[in-house]
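S.K.: Compact mmCIF, C-alpha atoms (C1' of nucleotides), file work37.txt:
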```txt
# COMPACT_ATOMS: atom_id res chain seq x y z
CA MET A 1 139.35 142.34 90.60
CA GLY A 2 142.00 142.31 87.93
CA GLN A 3 141.65 138.90 86.49
CA GLN A 4 144.26 137.69 84.13
CA PRO A 5 142.88 135.86 81.13
CA LYS A 6 143.63 132.35 82.37
CA LYS A 7 144.58 130.15 79.51
CA THR A 8 144.09 126.46 79.97
CA GLN A 9 147.63 125.39 80.66
CA PRO A 10 148.49 121.78 79.88
CA VAL A 11 149.74 121.09 83.38
CA SER A 12 150.47 123.79 85.86
CA GLY A 13 149.59 125.32 89.13
CA THR A 14 146.21 126.71 88.20
CA LEU A 15 144.40 124.44 90.61
CA ASP A 16 142.16 126.07 93.17
CA GLY A 17 140.74 124.65 96.36
CA THR A 18 137.83 123.04 94.59
CA ASP A 19 140.16 121.24 92.21
CA LEU A 20 142.30 119.98 95.06
CA ALA A 21 139.24 118.76 96.93
CA ILE A 22 138.08 116.91 93.85
CA LEU A 23 141.48 115.31 93.39
CA ALA A 24 141.59 114.25 97.02
CA ALA A 25 138.15 112.71 96.82
CA LEU A 26 138.85 110.85 93.60
CA MET A 27 142.13 109.54 94.97
CA GLU A 28 140.15 107.94 97.77
CA ASP A 29 137.30 106.71 95.64
CA GLY A 30 137.65 107.02 91.91
CA ARG A 31 134.11 105.81 91.33
CA MET A 32 132.41 108.33 93.55
CA THR A 33 129.36 109.63 91.71
CA ASN A 34 129.42 113.14 90.37
CA ALA A 35 126.52 113.98 92.67
CA ALA A 36 128.38 112.82 95.76
CA LEU A 37 131.52 114.59 94.64
CA ALA A 38 129.64 117.83 94.06
CA ALA A 39 128.10 117.65 97.51
CA ARG A 40 131.45 116.93 99.11
CA VAL A 41 133.29 119.80 97.50
CA GLY A 42 130.35 122.20 97.68
CA VAL A 43 129.53 123.06 94.09
CA ALA A 44 126.68 122.32 91.73
CA GLU A 45 126.70 119.00 89.96
CA SER A 46 127.15 120.59 86.58
CA THR A 47 130.08 122.61 87.87
CA CYS A 48 131.63 119.56 89.39
CA ALA A 49 131.32 117.59 86.18
CA TYR A 50 132.89 120.50 84.32
CA ARG A 51 135.83 120.63 86.71
CA VAL A 52 136.43 116.93 86.60
CA ARG A 53 136.42 116.96 82.84
CA ALA A 54 138.89 119.83 82.80
CA LEU A 55 141.13 118.00 85.26
CA ARG A 56 141.09 114.93 83.09
CA GLU A 57 141.77 116.84 79.90
CA SER A 58 144.63 118.76 81.45
CA GLY A 59 146.15 115.52 82.62
CA ALA A 60 146.01 116.39 86.30
CA ILE A 61 143.89 113.28 86.64
CA ALA A 62 146.08 110.94 84.66
CA SER A 63 143.69 108.02 84.83
CA ILE A 64 141.30 106.18 87.07
CA ASN A 65 141.99 102.51 87.53
CA ALA A 66 141.03 99.56 89.63
CA ARG A 67 143.68 98.18 91.94
CA ILE A 68 143.67 94.41 91.84
CA ASP A 69 144.81 92.39 94.83
CA PRO A 70 147.60 90.18 93.49
CA ARG A 71 146.62 87.49 95.99
CA ALA A 72 143.29 87.14 94.20
CA LEU A 73 145.22 86.16 91.11
CA GLY A 74 147.46 83.74 92.88
CA ARG A 75 150.47 86.01 93.16
CA PRO A 76 151.08 86.48 96.85
CA LEU A 77 154.84 86.87 96.64
CA HIS A 78 156.24 90.33 95.92
CA ALA A 79 159.81 91.26 95.21
CA ILE A 80 161.91 94.21 94.25
CA ILE A 81 164.53 93.35 91.66
CA LYS A 82 167.37 95.81 91.40
CA VAL A 83 168.84 95.78 87.92
CA ARG A 84 172.27 97.11 87.06
CA LEU A 85 173.43 97.47 83.48
CA GLY A 86 176.77 96.88 81.84
CA SER A 87 176.13 99.31 79.02
CA HIS A 88 173.99 102.39 78.86
CA SER A 89 173.40 102.97 75.19
CA ARG A 90 170.05 104.60 74.66
CA GLU A 91 168.66 101.87 72.50
CA LEU A 92 169.64 98.99 74.73
CA VAL A 93 168.26 100.74 77.78
CA ARG A 94 165.02 101.48 76.05
CA ASN A 95 164.61 97.96 74.78
CA LEU A 96 165.20 96.53 78.22
CA TYR A 97 162.76 99.00 79.74
CA ASP A 98 160.08 97.98 77.27
CA ALA A 99 160.73 94.31 77.91
CA LEU A 100 160.56 94.71 81.67
CA VAL A 101 157.29 96.61 81.54
CA ASP A 102 155.83 93.92 79.31
CA THR A 103 156.77 91.05 81.60
CA PRO A 104 153.83 89.21 83.20
CA GLY A 105 153.81 89.81 86.94
CA VAL A 106 155.65 93.11 86.75
CA LEU A 107 153.69 95.81 88.54
CA THR A 108 155.98 98.81 88.25
CA VAL A 109 159.36 99.62 86.78
CA PHE A 110 161.39 102.55 88.09
CA HIS A 111 164.11 103.89 85.83
CA ILE A 112 166.53 105.52 88.20
CA GLY A 113 169.91 107.14 88.30
CA GLY A 114 172.65 106.22 90.69
CA GLY A 115 173.74 102.83 91.93
CA ASP A 116 171.05 100.85 90.16
CA ASP A 117 169.46 101.45 86.80
CA PHE A 118 166.04 99.86 87.23
CA LEU A 119 163.92 98.82 90.15
CA VAL A 120 161.34 96.22 89.19
CA HIS A 121 158.40 95.55 91.47
CA ALA A 122 156.92 92.16 90.65
CA ALA A 123 154.25 89.86 92.05
CA VAL A 124 154.56 86.14 91.49
CA ALA A 125 152.98 82.88 92.55
CA SER A 126 156.00 81.29 94.18
CA PRO A 127 159.76 81.56 94.69
CA GLU A 128 160.24 79.31 91.68
CA LYS A 129 158.21 81.65 89.51
CA LEU A 130 160.28 84.53 90.77
CA ARG A 131 163.45 82.76 89.75
CA ASP A 132 161.95 82.03 86.35
CA LEU A 133 160.88 85.63 85.90
CA ILE A 134 164.37 86.88 86.66
CA LEU A 135 166.11 84.33 84.49
CA GLU A 136 163.75 84.52 81.56
CA HIS A 137 162.88 88.19 81.52
CA VAL A 138 165.69 90.07 83.22
CA THR A 139 169.09 88.45 83.17
CA VAL A 140 168.34 87.04 79.75
CA HIS A 141 169.12 90.48 78.37
CA PRO A 142 172.82 90.81 77.71
CA VAL A 143 172.77 94.43 78.78
CA VAL A 144 171.96 93.36 82.32
CA ARG A 145 175.13 93.06 84.31
CA GLN A 146 173.76 92.27 87.74
CA THR A 147 170.53 91.83 89.65
CA GLU A 148 169.72 91.80 93.30
CA THR A 149 166.36 90.66 94.57
CA GLN A 150 164.71 91.63 97.80
CA LEU A 151 161.54 90.22 99.25
CA VAL A 152 158.72 92.72 99.77
CA PHE A 153 156.99 92.29 103.10
CA GLU A 154 154.38 94.92 102.52
CA VAL A 155 153.56 97.90 100.31
CA ARG A 156 151.70 100.91 101.58
CA GLU A 157 150.44 103.90 99.67
CA GLY A 158 151.68 107.18 101.03
CA ARG A 159 149.82 110.39 101.62
CA GLY A 160 150.60 111.30 98.06
CA VAL A 161 151.11 114.63 96.44
CA LEU A 162 148.24 116.38 98.16
CA GLY A 163 148.35 118.16 101.47
CA GLY A 164 151.98 118.97 101.69
CA MET B 1 139.51 62.93 91.52
CA GLY B 2 139.07 64.76 94.76
CA GLN B 3 135.77 66.48 94.21
CA GLN B 4 136.16 69.42 96.51
CA PRO B 5 133.06 71.57 96.77
CA LYS B 6 134.15 74.98 95.60
CA LYS B 7 133.19 77.39 98.28
CA THR B 8 133.41 81.07 97.62
CA GLN B 9 136.79 81.71 99.08
CA PRO B 10 137.55 85.20 100.35
CA VAL B 11 140.48 85.49 98.00
CA SER B 12 141.52 82.65 95.79
CA GLY B 13 141.66 81.28 92.33
CA THR B 14 137.95 80.99 91.70
CA LEU B 15 138.05 83.59 88.98
CA ASP B 16 136.79 82.60 85.57
CA GLY B 17 137.41 84.22 82.23
CA THR B 18 134.64 86.74 82.70
CA ASP B 19 136.10 87.85 86.01
CA LEU B 20 139.53 88.22 84.50
CA ALA B 21 138.12 90.21 81.60
CA ILE B 22 136.33 92.50 84.04
CA LEU B 23 139.50 93.02 86.06
CA ALA B 24 141.50 93.78 82.95
CA ALA B 25 138.95 96.29 81.77
CA LEU B 26 138.72 98.05 85.11
CA MET B 27 142.49 98.20 85.39
CA GLU B 28 142.49 100.16 82.15
CA ASP B 29 139.52 102.33 82.94
CA GLY B 30 138.11 102.16 86.43
CA ARG B 31 135.21 104.39 85.50
CA MET B 32 133.95 102.37 82.61
CA THR B 33 130.19 102.16 82.90
CA ASN B 34 128.61 98.87 83.81
CA ALA B 35 126.87 98.86 80.44
CA ALA B 36 130.13 99.24 78.55
CA LEU B 37 131.81 96.66 80.73
CA ALA B 38 129.01 94.17 80.15
CA ALA B 39 129.24 94.67 76.41
CA ARG B 40 132.99 94.25 76.45
CA VAL B 41 133.03 91.03 78.43
CA GLY B 42 129.91 89.67 76.77
CA VAL B 43 127.38 89.27 79.57
CA ALA B 44 124.14 90.97 80.55
CA GLU B 45 124.39 94.21 82.47
CA SER B 46 122.80 92.73 85.55
CA THR B 47 125.23 89.84 85.45
CA CYS B 48 128.13 92.18 85.03
CA ALA B 49 127.04 94.31 87.96
CA TYR B 50 126.72 91.19 90.07
CA ARG B 51 130.21 90.04 89.15
CA VAL B 52 131.77 93.40 89.83
CA ARG B 53 130.11 93.61 93.21
CA ALA B 54 131.34 90.12 94.06
CA LEU B 55 134.86 91.04 92.97
CA ARG B 56 134.80 94.11 95.18
CA GLU B 57 133.41 92.28 98.16
CA SER B 58 135.94 89.48 97.83
CA GLY B 59 138.72 92.05 97.73
CA ALA B 60 139.93 91.04 94.29
CA ILE B 61 139.22 94.63 93.32
CA ALA B 62 140.93 96.32 96.24
CA SER B 63 139.88 99.83 95.30
CA ILE B 64 139.38 102.16 92.40
CA ASN B 65 141.30 105.42 92.56
CA ALA B 66 142.31 108.35 90.47
CA ARG B 67 145.98 108.65 89.61
CA ILE B 68 147.10 112.24 89.92
CA ASP B 69 149.97 113.57 87.87
CA PRO B 70 152.47 114.91 90.41
CA ARG B 71 153.53 117.57 87.92
CA ALA B 72 150.06 119.05 88.10
CA LEU B 73 150.64 119.58 91.81
CA GLY B 74 154.06 121.11 91.33
CA ARG B 75 156.05 118.01 92.23
CA PRO B 76 158.02 117.10 89.12
CA LEU B 77 160.99 115.58 90.95
CA HIS B 78 160.81 111.93 91.94
CA ALA B 79 163.22 109.98 94.07
CA ILE B 80 163.67 106.59 95.63
CA ILE B 81 165.04 106.78 99.13
CA LYS B 82 166.56 103.58 100.42
CA VAL B 83 166.32 103.42 104.17
CA ARG B 84 168.43 101.16 106.35
CA LEU B 85 167.74 100.73 110.03
CA GLY B 86 170.03 100.35 112.99
CA SER B 87 167.54 98.46 115.09
CA HIS B 88 164.69 96.21 114.07
CA SER B 89 162.43 96.12 117.08
CA ARG B 90 158.85 95.65 115.97
CA GLU B 91 157.59 98.83 117.52
CA LEU B 92 160.30 101.08 116.14
CA VAL B 93 159.90 99.64 112.67
CA ARG B 94 156.17 100.06 112.78
CA ASN B 95 156.38 103.63 114.01
CA LEU B 96 158.82 104.55 111.28
CA TYR B 97 156.64 102.85 108.68
CA ASP B 98 153.63 104.84 109.81
CA ALA B 99 155.59 108.07 109.78
CA LEU B 100 156.96 107.48 106.29
CA VAL B 101 153.54 106.71 104.88
CA ASP B 102 152.18 109.86 106.44
CA THR B 103 154.84 112.14 104.99
CA PRO B 104 153.63 114.66 102.41
CA GLY B 105 155.02 113.83 99.00
CA VAL B 106 155.47 110.15 99.72
CA LEU B 107 153.75 108.06 97.09
CA THR B 108 154.63 104.52 98.11
CA VAL B 109 156.61 102.82 100.85
CA PHE B 110 157.96 99.31 100.32
CA HIS B 111 158.89 97.37 103.44
CA ILE B 112 161.46 94.90 102.24
CA GLY B 113 163.86 92.29 103.49
CA GLY B 114 167.51 92.15 102.62
CA GLY B 115 169.99 94.93 102.21
CA ASP B 116 167.59 97.77 102.77
CA ASP B 117 164.59 97.93 105.06
CA PHE B 118 162.39 100.48 103.31
CA LEU B 119 162.16 101.91 99.84
CA VAL B 120 160.39 105.25 99.77
CA HIS B 121 159.08 106.64 96.51
CA ALA B 122 158.52 110.36 96.85
CA ALA B 123 157.58 113.26 94.59
CA VAL B 124 158.77 116.75 95.49
CA ALA B 125 158.91 120.24 94.08
CA SER B 126 162.67 120.69 94.06
CA PRO B 127 165.98 119.25 95.21
CA GLU B 128 165.78 121.43 98.29
CA LYS B 129 162.39 119.99 99.16
CA LEU B 130 163.81 116.53 98.73
CA ARG B 131 166.59 117.29 101.15
CA ASP B 132 164.08 118.70 103.61
CA LEU B 133 161.87 115.66 103.29
CA ILE B 134 164.75 113.33 104.02
CA LEU B 135 166.10 115.37 106.92
CA GLU B 136 162.77 116.15 108.51
CA HIS B 137 160.88 112.94 107.91
CA VAL B 138 163.40 110.17 107.46
CA THR B 139 166.76 110.63 109.09
CA VAL B 140 165.09 112.46 111.94
CA HIS B 141 164.07 109.05 113.28
CA PRO B 142 166.85 107.63 115.45
CA VAL B 143 166.13 104.14 114.21
CA VAL B 144 167.29 105.15 110.75
CA ARG B 145 170.94 104.32 110.36
CA GLN B 146 171.51 105.24 106.76
CA THR B 147 169.73 106.51 103.67
CA GLU B 148 170.63 106.53 100.02
CA THR B 149 168.70 108.57 97.52
CA GLN B 150 168.39 107.92 93.82
CA LEU B 151 166.76 110.14 91.26
CA VAL B 152 163.83 108.61 89.40
CA PHE B 153 163.93 109.32 85.68
CA GLU B 154 160.64 107.67 84.88
CA VAL B 155 158.08 105.28 86.31
CA ARG B 156 156.11 102.91 84.15
CA GLU B 157 153.30 100.59 85.10
CA GLY B 158 153.90 97.01 84.15
CA ARG B 159 151.59 94.52 82.58
CA GLY B 160 150.44 93.66 86.07
CA VAL B 161 149.15 90.45 87.50
CA LEU B 162 146.94 89.59 84.55
CA GLY B 163 147.92 87.65 81.51
CA GLY B 164 150.82 85.69 82.81
C1' DT C 1 132.70 129.96 85.35
C1' DT C 2 128.78 128.77 87.58
C1' DT C 3 124.13 127.28 87.87
C1' DG C 4 119.32 124.80 87.81
C1' DA C 5 116.39 122.05 85.32
C1' DA C 6 115.17 119.27 81.45
C1' DA C 7 116.56 115.40 78.60
C1' DT C 8 119.35 111.49 78.16
C1' DA C 9 121.78 107.59 80.00
C1' DA C 10 122.88 104.33 83.48
C1' DA C 11 122.42 101.56 87.81
C1' DT C 12 119.52 98.94 90.78
C1' DG C 13 115.78 95.84 92.35
C1' DC C 14 112.78 92.51 91.20
C1' DT C 15 111.13 88.63 88.78
C1' DA C 16 111.90 84.55 86.75
C1' DG C 17 114.52 80.86 83.98
C1' DC D 1 124.46 82.20 87.90
C1' DT D 2 121.98 84.59 84.34
C1' DA D 3 118.71 87.76 81.81
C1' DG D 4 114.80 91.15 81.02
C1' DC D 5 112.19 94.78 82.51
C1' DA D 6 110.51 98.54 85.56
C1' DT D 7 112.01 101.80 88.86
C1' DT D 8 115.26 104.75 90.79
C1' DT D 9 119.33 107.32 90.28
C1' DA D 10 123.05 109.71 87.81
C1' DT D 11 125.08 112.31 83.94
C1' DT D 12 124.83 115.49 80.19
C1' DT D 13 123.23 119.41 77.97
C1' DC D 14 122.14 124.16 77.61
C1' DA D 15 120.22 128.72 78.20
C1' DA D 16 121.01 132.19 81.34
C1' DA D 17 123.47 135.00 84.63
```
Output the file's structure as structure tokens, nothing else.
M.R.:
Amino acid sequence: MGQQPKKTQPVSGTLDGTDLAILAALMEDGRMTNAALAARVGVAESTCAYRVRALRESGAIASINARIDPRALGRPLHAIIKVRLGSHSRELVRNLYDALVDTPGVLTVFHIGGGDDFLVHAAVASPEKLRDLILEHVTVHPVVRQTETQLVFEVREGRGVLGG
Amino acid sequence: MGQQPKKTQPVSGTLDGTDLAILAALMEDGRMTNAALAARVGVAESTCAYRVRALRESGAIASINARIDPRALGRPLHAIIKVRLGSHSRELVRNLYDALVDTPGVLTVFHIGGGDDFLVHAAVASPEKLRDLILEHVTVHPVVRQTETQLVFEVREGRGVLGG
DNA sequence: TTTGAAATAAATGCTAG
DNA sequence: CTAGCATTTATTTCAAA
């Protein structure tokens, strides 16, 4: 078969079925042993280890991290804080972004285009702590024109980027 | 002082410095070996393994998963879809929630209170795919009254629930 | 790229403090 | 709850196809 000399692309669509199976398995259980992974996807252990390493080096597997239950750390209250800016100079936006990401209790910050500029997902201990977080870490920045906070009832992970 | 016997609560504030250090380390690298983890937090390997197991069983460590770069799967375009409902009957809301979570390309669904009812974070291949996702998996549900879609420029993980 | 098998490294079970 | 050691298990390496 005419095989093209496949260069190792940084990030592209050179993933075969084995790669996708590995990604799916590691999305479910990032600590699955290489032996179990190899058995599940049907290749030798050495091959599996090779593939996983390649996937990590290419960036397809960005990272493997533990998910901590915020309730275990006394932060049962989640909120989404919509942040709207008064100015959009690159430097001010970047500084605010950095500050938001570095705020204790902040889980994720979405920088978005459209009505709002940032969506901040935060977990806090109490309504008072939420108020403090907003006052001390969000509205304290002069570039912030307006915020709107919504209580998060529940967060669920979606099916993700696989199997679509 | 009220000397309450500290039982091992399923999920509560019985985490000491070692536990917190373990959580912090596993948030950074969920595949760190037990040996490396033990060295980092300054306890014996057997102790470290015991702590980690306890943290997993208590639910403090909810799970350990690989994060996949959506670009590697050909989904470079991210959006937040705000979903507003026309009716809020428990069953309809739950069915929609389930459907959203099960939609290919959906990364996270936030069920929130206030102006919007759901926030859907999705990754797709193209603007056309985004339109299709919304038409075929969101507005197709009669309970959905209105949607508003915003482009996501960037997503950054926050400092999280530790160190606050 | 894939593989099996040897060599290295790590996790687990057990004992005890 | 902690630590040390022996056993079991997993990962890495590498020559070969």
S.K.: Kindly determine which residues of chain D lie within 10 Å of chain B, considering all atoms listed in the file, and give the answer as number ranges by chain.
M.R.: D: 1-4
S.K.: CA of Ser126 in chain A and CA of Ala79 in chain A are how many Å apart?
M.R.: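 Between CA of Ser126 in chain A and CA of Ala79 in chain A the gap works out to 10.7 Å.
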S.K.: Please compute the CA of Gly160 in chain B-CA of Leu15 in chain B distance, one decimal, in Å.
M.R.: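 Distance reported for this atom pair: 16.2 Å.
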S.K.: Give as an NGL selection string every residue of chain B that touches chain A within 7 Å, counting only C-alpha atoms.
M.R.: :B and (11-13 or 26-31 or 59-74 or 101-114 or 123 or 150-161 or 163-164)
S.K.: List every residue of chain B that has an atom at most 8 Å from any atom of chain C, and for each one report the closest atom pair and its distance in Å to one decimal, counting only C-alpha atoms (C1' of nucleotides), with rows sorted by chain and then by increasing residue number, as a tab-separated table.
M.R.:
```
residue	atom	partner	partner_atom	distance
B:Thr33	CA	C:DA10	C1'	7.6
B:Asn34	CA	C:DA11	C1'	7.8
B:Ala35	CA	C:DA10	C1'	7.4
```
S.K.: After superposing chain A onto chain B (least squares, all C-alpha atoms, pairing by order), export the transformed chain as a short mmCIF file (atom, residue, chain, number, x, y, z; two decimals) with C-alpha atoms, in the frame of the given file.
M.R.:
```
data_model
loop_
_atom_site.label_atom_id
_atom_site.label_comp_id
_atom_site.auth_asym_id
_atom_site.auth_seq_id
_atom_site.Cartn_x
_atom_site.Cartn_y
_atom_site.Cartn_z
CA MET A 1 129.43 67.35 85.83
CA GLY A 2 130.58 66.79 89.37
CA GLN A 3 130.60 70.23 90.77
CA GLN A 4 132.17 70.79 94.09
CA PRO A 5 130.21 73.10 96.35
CA LYS A 6 132.36 76.18 95.80
CA LYS A 7 132.56 78.18 98.94
CA THR A 8 133.36 81.83 98.59
CA GLN A 9 136.99 81.82 99.55
CA PRO A 10 138.40 85.08 100.88
CA VAL A 11 141.16 85.20 98.31
CA SER A 12 142.11 82.27 96.18
CA GLY A 13 142.32 80.87 92.75
CA THR A 14 138.63 80.54 92.05
CA LEU A 15 138.74 83.09 89.27
CA ASP A 16 137.45 82.01 85.89
CA GLY A 17 137.99 83.60 82.51
CA THR A 18 135.18 86.05 82.99
CA ASP A 19 136.66 87.26 86.25
CA LEU A 20 140.07 87.70 84.69
CA ALA A 21 138.58 89.63 81.79
CA ILE A 22 136.77 91.90 84.20
CA LEU A 23 139.94 92.50 86.18
CA ALA A 24 141.88 93.29 83.03
CA ALA A 25 139.27 95.74 81.86
CA LEU A 26 139.00 97.50 85.20
CA MET A 27 142.78 97.76 85.45
CA GLU A 28 142.71 99.69 82.20
CA ASP A 29 139.69 101.79 83.00
CA GLY A 30 138.31 101.60 86.49
CA ARG A 31 135.35 103.79 85.60
CA MET A 32 134.14 101.73 82.69
CA THR A 33 130.37 101.44 82.95
CA ASN A 34 128.88 98.13 83.93
CA ALA A 35 127.13 98.02 80.56
CA ALA A 36 130.38 98.44 78.65
CA LEU A 37 132.11 95.92 80.87
CA ALA A 38 129.35 93.37 80.36
CA ALA A 39 129.55 93.79 76.60
CA ARG A 40 133.31 93.45 76.64
CA VAL A 41 133.41 90.27 78.66
CA GLY A 42 130.30 88.79 77.08
CA VAL A 43 127.82 88.39 79.90
CA ALA A 44 124.56 90.03 80.87
CA GLU A 45 124.74 93.31 82.72
CA SER A 46 123.24 91.84 85.85
CA THR A 47 125.75 89.01 85.78
CA CYS A 48 128.58 91.42 85.29
CA ALA A 49 127.48 93.57 88.20
CA TYR A 50 127.23 90.44 90.33
CA ARG A 51 130.75 89.36 89.42
CA VAL A 52 132.24 92.74 90.04
CA ARG A 53 130.62 92.93 93.43
CA ALA A 54 131.93 89.48 94.31
CA LEU A 55 135.42 90.47 93.17
CA ARG A 56 135.30 93.54 95.34
CA GLU A 57 133.99 91.70 98.36
CA SER A 58 136.59 88.97 98.04
CA GLY A 59 139.29 91.58 97.87
CA ALA A 60 140.51 90.59 94.43
CA ILE A 61 139.69 94.14 93.44
CA ALA A 62 141.37 95.88 96.33
CA SER A 63 140.20 99.34 95.37
CA ILE A 64 139.61 101.65 92.47
CA ASN A 65 141.42 104.95 92.62
CA ALA A 66 142.31 107.93 90.53
CA ARG A 67 145.96 108.38 89.67
CA ILE A 68 146.95 112.00 90.03
CA ASP A 69 149.77 113.45 87.96
CA PRO A 70 152.21 114.86 90.52
CA ARG A 71 153.18 117.57 88.04
CA ALA A 72 149.65 118.94 88.27
CA LEU A 73 150.25 119.51 91.95
CA GLY A 74 153.61 121.10 91.48
CA ARG A 75 155.69 118.06 92.34
CA PRO A 76 157.66 117.24 89.24
CA LEU A 77 160.70 115.82 91.00
CA HIS A 78 160.64 112.15 91.99
CA ALA A 79 163.15 110.30 94.09
CA ILE A 80 163.73 106.93 95.63
CA ILE A 81 165.11 107.17 99.14
CA LYS A 82 166.76 104.03 100.41
CA VAL A 83 166.55 103.83 104.17
CA ARG A 84 168.76 101.64 106.31
CA LEU A 85 168.13 101.17 110.01
CA GLY A 86 170.46 100.89 112.95
CA SER A 87 168.03 98.90 115.05
CA HIS A 88 165.27 96.56 114.06
CA SER A 89 163.03 96.37 117.08
CA ARG A 90 159.47 95.78 116.01
CA GLU A 91 158.11 98.90 117.57
CA LEU A 92 160.70 101.26 116.18
CA VAL A 93 160.33 99.80 112.71
CA ARG A 94 156.60 100.10 112.84
CA ASN A 95 156.68 103.66 114.07
CA LEU A 96 159.06 104.67 111.32
CA TYR A 97 156.92 102.91 108.73
CA ASP A 98 153.84 104.77 109.90
CA ALA A 99 155.69 108.07 109.86
CA LEU A 100 157.04 107.53 106.37
CA VAL A 101 153.65 106.63 104.96
CA ASP A 102 152.18 109.75 106.54
CA THR A 103 154.77 112.10 105.08
CA PRO A 104 153.43 114.61 102.52
CA GLY A 105 154.85 113.83 99.10
CA VAL A 106 155.44 110.16 99.81
CA LEU A 107 153.77 108.03 97.17
CA THR A 108 154.78 104.52 98.19
CA VAL A 109 156.84 102.88 100.89
CA PHE A 110 158.34 99.43 100.36
CA HIS A 111 159.34 97.51 103.46
CA ILE A 112 161.98 95.13 102.23
CA GLY A 113 164.48 92.63 103.46
CA GLY A 114 168.12 92.61 102.54
CA GLY A 115 170.53 95.48 102.13
CA ASP A 116 168.00 98.23 102.73
CA ASP A 117 165.03 98.29 105.04
CA PHE A 118 162.71 100.75 103.31
CA LEU A 119 162.43 102.18 99.85
CA VAL A 120 160.52 105.45 99.81
CA HIS A 121 159.15 106.79 96.55
CA ALA A 122 158.46 110.50 96.90
CA ALA A 123 157.40 113.37 94.67
CA VAL A 124 158.46 116.88 95.58
CA ALA A 125 158.45 120.39 94.19
CA SER A 126 162.19 120.98 94.12
CA PRO A 127 165.57 119.63 95.24
CA GLU A 128 165.32 121.82 98.32
CA LYS A 129 161.99 120.27 99.24
CA LEU A 130 163.52 116.86 98.78
CA ARG A 131 166.30 117.72 101.18
CA ASP A 132 163.75 119.03 103.66
CA LEU A 133 161.64 115.91 103.35
CA ILE A 134 164.63 113.69 104.06
CA LEU A 135 165.90 115.76 106.94
CA GLU A 136 162.56 116.40 108.56
CA HIS A 137 160.78 113.13 107.96
CA VAL A 138 163.41 110.45 107.49
CA THR A 139 166.76 111.05 109.10
CA VAL A 140 165.04 112.80 111.97
CA HIS A 141 164.17 109.36 113.29
CA PRO A 142 166.98 108.04 115.44
CA VAL A 143 166.39 104.53 114.19
CA VAL A 144 167.50 105.59 110.73
CA ARG A 145 171.17 104.87 110.30
CA GLN A 146 171.67 105.83 106.69
CA THR A 147 169.83 107.05 103.62
CA GLU A 148 170.71 107.10 99.99
CA THR A 149 168.68 109.07 97.49
CA GLN A 150 168.37 108.42 93.81
CA LEU A 151 166.65 110.58 91.25
CA VAL A 152 163.76 108.95 89.40
CA PHE A 153 163.82 109.67 85.69
CA GLU A 154 160.59 107.91 84.92
CA VAL A 155 158.12 105.41 86.34
CA ARG A 156 156.23 102.98 84.19
CA GLU A 157 153.50 100.57 85.16
CA GLY A 158 154.24 97.00 84.22
CA ARG A 159 152.00 94.42 82.66
CA GLY A 160 150.90 93.52 86.14
CA VAL A 161 149.72 90.28 87.58
CA LEU A 162 147.50 89.31 84.68
CA GLY A 163 148.52 87.39 81.61
CA GLY A 164 151.52 85.59 82.90
#
```
S.K.: Provide the CA of His141 in chain B to CA of Ser89 in chain B distance in Å, to one decimal place.
M.R.: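 The value is 13.6 Å.
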S.K.: Show which residues sit within 10 Å of Val144 in chain A, as a PyMOL selection string. Count all atoms listed in the file, and ignore same-chain residues fewer than 5 positions away.
M.R.: chain A and resi 83-88+92-93+96+117+138-139
S.K.: Write out as a list in words each polymer residue whose atoms come within 10 Å of Gly42 in chain B, counting only C-alpha atoms (C1' of nucleotides); drop sequence neighbours fewer than 6 positions from it.
M.R.: Thr18, Ala21, Ala36 and Cys48 of chain B
